[in-house]
Amino acid sequence: MSDPISEISVDDLEPLLQAGVRLVDVREPHEYASGHVPGARSVPLGEVPLRVADCVGDGGTTYLVCHSGARSTSACEHLKSLGHVVVNVTGGTMAWIISGREVVEGNSPT
């Protein structure tokens with residue numbers, strides 16, 4: 001059995017985002033455009049296997065988010081199987097919104 005996927009709360013993620021960590025939103029484009037965590041890059045789950053470099057960049061830790069955490073867990077499992085360091089955002093974008101944090105609308109990260 002493989003090691004469990006690392007997870008982070010939105011409370012712990014927020015200061016890391018301010019420091020410039022890589023956050024990838026794996027929801028569908030229309031979901032992303034309707035509101036996403038500021039700074040999140042869009043790579044829909046179905047495209048993750050084809051866009052690994054877009055997800056992980058030059059290395060380091062990649063944080064993944066979706067609506068509630070299920071799709072981002074799948075993306076984490078795939079990227080981890082390739083040897084990348086990944087962390088799932090527990091509760092996803094919904095947890096971010098429920099916590100009262102702002103989201104960005106549209107197709108760009110910020």
# chains A, B, ... in the order shown; residues from 1 in each chain; ligands from 1
>>> closest_atom_pairs(of="stretch 12-87 of chain A", to="stretch 95-103 of chain A", cutoff="12 Å", atoms="only C-alpha atoms", output="JSON lines")
{"residue": "A:Asp12", "atom": "CA", "partner": "A:Trp96", "partner_atom": "CA", "distance": 11.0}
{"residue": "A:Leu13", "atom": "CA", "partner": "A:Trp96", "partner_atom": "CA", "distance": 9.6}
{"residue": "A:Glu14", "atom": "CA", "partner": "A:Trp96", "partner_atom": "CA", "distance": 9.2}
{"residue": "A:Glu31", "atom": "CA", "partner": "A:Val103", "partner_atom": "CA", "distance": 11.8}
{"residue": "A:Tyr32", "atom": "CA", "partner": "A:Val103", "partner_atom": "CA", "distance": 9.9}
{"residue": "A:Ala33", "atom": "CA", "partner": "A:Val103", "partner_atom": "CA", "distance": 10.1}
{"residue": "A:Ser34", "atom": "CA", "partner": "A:Val103", "partner_atom": "CA", "distance": 8.9}
{"residue": "A:Gly35", "atom": "CA", "partner": "A:Val103", "partner_atom": "CA", "distance": 5.3}
{"residue": "A:His36", "atom": "CA", "partner": "A:Val103", "partner_atom": "CA", "distance": 5.0}
{"residue": "A:Val37", "atom": "CA", "partner": "A:Val103", "partner_atom": "CA", "distance": 5.1}
{"residue": "A:Pro38", "atom": "CA", "partner": "A:Val103", "partner_atom": "CA", "distance": 6.0}
{"residue": "A:Gly39", "atom": "CA", "partner": "A:Val103", "partner_atom": "CA", "distance": 9.6}
{"residue": "A:Ala40", "atom": "CA", "partner": "A:Val103", "partner_atom": "CA", "distance": 10.0}
{"residue": "A:Val65", "atom": "CA", "partner": "A:Trp96", "partner_atom": "CA", "distance": 10.0}
{"residue": "A:Cys66", "atom": "CA", "partner": "A:Ala95", "partner_atom": "CA", "distance": 10.2}
{"residue": "A:His67", "atom": "CA", "partner": "A:Ala95", "partner_atom": "CA", "distance": 8.5}
{"residue": "A:Ser68", "atom": "CA", "partner": "A:Ala95", "partner_atom": "CA", "distance": 7.3}
{"residue": "A:Gly69", "atom": "CA", "partner": "A:Ala95", "partner_atom": "CA", "distance": 9.4}
>>> write_last_selection(atoms="N, CA, C and O atoms", output="mmCIF file, in the first residue's frame")
data_model
loop_
_atom_site.group_PDB
_atom_site.id
_atom_site.type_symbol
_atom_site.label_atom_id
_atom_site.label_comp_id
_atom_site.auth_asym_id
_atom_site.auth_seq_id
_atom_site.Cartn_x
_atom_site.Cartn_y
_atom_site.Cartn_z
ATOM 1 N N ASP A 12 -4.088 26.831 6.616
ATOM 2 C CA ASP A 12 -2.641 26.684 6.490
ATOM 3 C C ASP A 12 -2.142 27.018 5.082
ATOM 4 O O ASP A 12 -0.986 27.395 4.899
ATOM 5 N N LEU A 13 -3.022 26.875 4.098
ATOM 6 C CA LEU A 13 -2.645 27.176 2.712
ATOM 7 C C LEU A 13 -2.493 28.675 2.474
ATOM 8 O O LEU A 13 -1.579 29.098 1.761
ATOM 9 N N GLU A 14 -3.362 29.481 3.047
ATOM 10 C CA GLU A 14 -3.383 30.911 2.731
ATOM 11 C C GLU A 14 -2.021 31.600 2.880
ATOM 12 O O GLU A 14 -1.569 32.268 1.945
ATOM 13 N N GLU A 31 -16.128 25.699 -13.999
ATOM 14 C CA GLU A 31 -16.104 25.791 -12.538
ATOM 15 C C GLU A 31 -15.024 26.770 -12.094
ATOM 16 O O GLU A 31 -15.246 27.599 -11.204
ATOM 17 N N TYR A 32 -13.852 26.653 -12.698
ATOM 18 C CA TYR A 32 -12.732 27.537 -12.390
ATOM 19 C C TYR A 32 -13.124 28.990 -12.650
ATOM 20 O O TYR A 32 -12.913 29.859 -11.812
ATOM 21 N N ALA A 33 -13.734 29.245 -13.800
ATOM 22 C CA ALA A 33 -14.104 30.617 -14.179
ATOM 23 C C ALA A 33 -15.156 31.206 -13.245
ATOM 24 O O ALA A 33 -15.194 32.417 -13.035
ATOM 25 N N SER A 34 -15.983 30.358 -12.660
ATOM 26 C CA SER A 34 -17.042 30.866 -11.784
ATOM 27 C C SER A 34 -16.531 31.281 -10.418
ATOM 28 O O SER A 34 -17.235 31.947 -9.672
ATOM 29 N N GLY A 35 -15.295 30.929 -10.084
ATOM 30 C CA GLY A 35 -14.693 31.356 -8.828
ATOM 31 C C GLY A 35 -13.641 30.382 -8.349
ATOM 32 O O GLY A 35 -13.927 29.214 -8.133
ATOM 33 N N HIS A 36 -12.398 30.881 -8.214
ATOM 34 C CA HIS A 36 -11.291 30.027 -7.786
ATOM 35 C C HIS A 36 -10.419 30.750 -6.759
ATOM 36 O O HIS A 36 -10.496 31.966 -6.610
ATOM 37 N N VAL A 37 -9.614 29.971 -6.062
ATOM 38 C CA VAL A 37 -8.685 30.512 -5.082
ATOM 39 C C VAL A 37 -7.692 31.414 -5.820
ATOM 40 O O VAL A 37 -7.150 31.025 -6.863
ATOM 41 N N PRO A 38 -7.461 32.632 -5.320
ATOM 42 C CA PRO A 38 -6.510 33.530 -5.990
ATOM 43 C C PRO A 38 -5.148 32.864 -6.178
ATOM 44 O O PRO A 38 -4.603 32.253 -5.256
ATOM 45 N N GLY A 39 -4.633 32.971 -7.389
ATOM 46 C CA GLY A 39 -3.329 32.405 -7.710
ATOM 47 C C GLY A 39 -3.369 30.993 -8.256
ATOM 48 O O GLY A 39 -2.368 30.490 -8.745
ATOM 49 N N ALA A 40 -4.532 30.333 -8.176
ATOM 50 C CA ALA A 40 -4.631 28.950 -8.664
ATOM 51 C C ALA A 40 -4.575 28.914 -10.186
ATOM 52 O O ALA A 40 -5.231 29.701 -10.855
ATOM 53 N N VAL A 65 -6.190 21.588 -5.725
ATOM 54 C CA VAL A 65 -7.507 21.901 -5.182
ATOM 55 C C VAL A 65 -8.566 21.600 -6.229
ATOM 56 O O VAL A 65 -8.300 21.652 -7.430
ATOM 57 N N CYS A 66 -9.763 21.254 -5.762
ATOM 58 C CA CYS A 66 -10.918 21.083 -6.643
ATOM 59 C C CYS A 66 -12.126 21.653 -5.912
ATOM 60 O O CYS A 66 -11.984 22.586 -5.132
ATOM 61 N N HIS A 67 -13.293 21.106 -6.127
ATOM 62 C CA HIS A 67 -14.498 21.606 -5.464
ATOM 63 C C HIS A 67 -14.493 21.233 -3.983
ATOM 64 O O HIS A 67 -14.634 22.094 -3.119
ATOM 65 N N SER A 68 -14.315 19.935 -3.701
ATOM 66 C CA SER A 68 -14.401 19.479 -2.316
ATOM 67 C C SER A 68 -13.223 18.619 -1.860
ATOM 68 O O SER A 68 -13.110 18.312 -0.686
ATOM 69 N N GLY A 69 -12.357 18.228 -2.777
ATOM 70 C CA GLY A 69 -11.173 17.455 -2.417
ATOM 71 C C GLY A 69 -11.029 16.108 -3.094
ATOM 72 O O GLY A 69 -9.960 15.507 -3.050
#
>>> residues_around(residues="stretch 46-56 of chain A", least_positions_apart="6", cutoff="8 Å", atoms="only C-alpha atoms", output="ChimeraX atom specification")
/A:22,24,26,62,75,78-79,84
>>> write_last_selection(atoms="C-alpha atoms", output="JSON list (two decimals), in the first residue's frame")
[["chain", "number", "residue", "atom", "x", "y", "z"],
["A", 22, "ARG", "CA", 2.15, 26.56, -6.80],
["A", 24, "VAL", "CA", -3.37, 23.92, -9.33],
["A", 26, "VAL", "CA", -8.28, 20.60, -11.31],
["A", 62, "THR", "CA", 2.52, 21.41, -5.79],
["A", 75, "ALA", "CA", -4.65, 14.27, -9.33],
["A", 78, "HIS", "CA", -1.31, 10.40, -10.27],
["A", 79, "LEU", "CA", 1.41, 13.03, -9.82],
["A", 84, "HIS", "CA", 6.31, 14.53, -7.59]]
>>> atom_distance(atom1="atom CA of A:Ser74", atom2="atom CA of A:Ile8")
15.4 Å
>>> closest_residue(among="A:Glu105, A:Thr110, A:Cys76, A:Gly91", to="A:Pro29", atoms="only C-alpha atoms")
A:Glu105
>>> atom_distance(atom1="atom CA of A:Pro44", atom2="atom CA of A:Ser9")
21.2 Å
>>> closest_residue(among="A:Val104, A:Leu16, A:Val10, A:Leu23", to="A:Gly92", atoms="only C-alpha atoms")
A:Val10
>>> closest_residue(among="A:Ser42, A:Thr90, A:Ser108, A:Thr73", to="A:Arg27", atoms="only C-alpha atoms")
A:Ser42
>>> select_by_dssp(residues="chain A", states="strand (DSSP E or B)", output="VMD selection string")
chain A and resid 6 to 8 22 to 25 36 41 to 42 61 to 65 85 to 89 104
>>> write_last_selection(atoms="N, CA and C atoms", output="compact mmCIF listing (two decimals), in the first residue's frame")
# COMPACT_ATOMS: atom_id res chain seq x y z
N SER A 6 -0.51 13.69 1.28
CA SER A 6 -0.42 14.79 2.25
C SER A 6 -1.57 15.75 2.02
N GLU A 7 -2.06 16.35 3.10
CA GLU A 7 -3.17 17.29 3.00
C GLU A 7 -2.86 18.56 3.77
N ILE A 8 -3.56 19.64 3.38
CA ILE A 8 -3.40 20.92 4.05
C ILE A 8 -4.78 21.59 4.12
N ARG A 22 2.90 26.95 -5.60
CA ARG A 22 2.15 26.56 -6.80
C ARG A 22 0.86 25.87 -6.37
N LEU A 23 -0.28 26.44 -6.83
CA LEU A 23 -1.59 25.85 -6.57
C LEU A 23 -2.26 25.57 -7.91
N VAL A 24 -2.71 24.33 -8.09
CA VAL A 24 -3.37 23.92 -9.33
C VAL A 24 -4.81 23.53 -9.01
N ASP A 25 -5.75 24.12 -9.75
CA ASP A 25 -7.18 23.83 -9.62
C ASP A 25 -7.54 22.84 -10.72
N HIS A 36 -12.40 30.88 -8.21
CA HIS A 36 -11.29 30.03 -7.79
C HIS A 36 -10.42 30.75 -6.76
N ARG A 41 -3.79 27.97 -10.71
CA ARG A 41 -3.72 27.75 -12.16
C ARG A 41 -4.73 26.67 -12.51
N SER A 42 -5.33 26.76 -13.67
CA SER A 42 -6.32 25.79 -14.10
C SER A 42 -5.70 24.69 -14.95
N THR A 61 7.05 21.53 -4.17
CA THR A 61 5.73 21.04 -3.79
C THR A 61 4.65 21.71 -4.61
N THR A 62 3.70 20.91 -5.09
CA THR A 62 2.52 21.41 -5.79
C THR A 62 1.30 21.13 -4.92
N TYR A 63 0.48 22.15 -4.73
CA TYR A 63 -0.76 22.02 -3.98
C TYR A 63 -1.89 21.91 -5.00
N LEU A 64 -2.82 20.98 -4.76
CA LEU A 64 -3.92 20.75 -5.70
C LEU A 64 -5.26 20.95 -4.99
N VAL A 65 -6.19 21.59 -5.72
CA VAL A 65 -7.51 21.90 -5.18
C VAL A 65 -8.57 21.60 -6.23
N VAL A 85 6.16 15.82 -5.56
CA VAL A 85 5.72 16.14 -4.21
C VAL A 85 4.43 16.95 -4.32
N VAL A 86 3.34 16.39 -3.78
CA VAL A 86 2.02 17.00 -3.92
C VAL A 86 1.30 17.04 -2.58
N VAL A 87 0.40 18.04 -2.45
CA VAL A 87 -0.40 18.18 -1.24
C VAL A 87 -1.83 18.52 -1.67
N ASN A 88 -2.80 17.81 -1.11
CA ASN A 88 -4.20 18.04 -1.41
C ASN A 88 -4.78 19.07 -0.44
N VAL A 89 -5.59 19.99 -0.96
CA VAL A 89 -6.26 20.99 -0.13
C VAL A 89 -7.57 20.38 0.37
N VAL A 104 -11.53 34.50 -7.08
CA VAL A 104 -11.33 35.26 -8.31
C VAL A 104 -12.21 34.63 -9.39
>>> select_by_dssp(residues="stretch 19-76 of chain A", states="alpha helix (DSSP H)", output="list in words")
Pro29, His30, Glu31, Tyr32, Ala33, Ser34, Val52, Ala53, Asp54, Cys55, Val56, Ala70, Arg71, Ser72, Thr73, Ser74, Ala75 and Cys76 of chain A
>>> closest_residue(among="A:Leu45, A:Gly57, A:Ile5, A:Ser81", to="A:Val21", atoms="only C-alpha atoms")
A:Gly57
>>> closest_residue(among="A:Asp58, A:Arg71, A:Ala19, A:Glu77", to="A:Pro4", atoms="only C-alpha atoms")
A:Glu77
>>> atom_distance(atom1="atom CA of A:Gly60", atom2="atom CA of A:Gly20")
11.8 Å
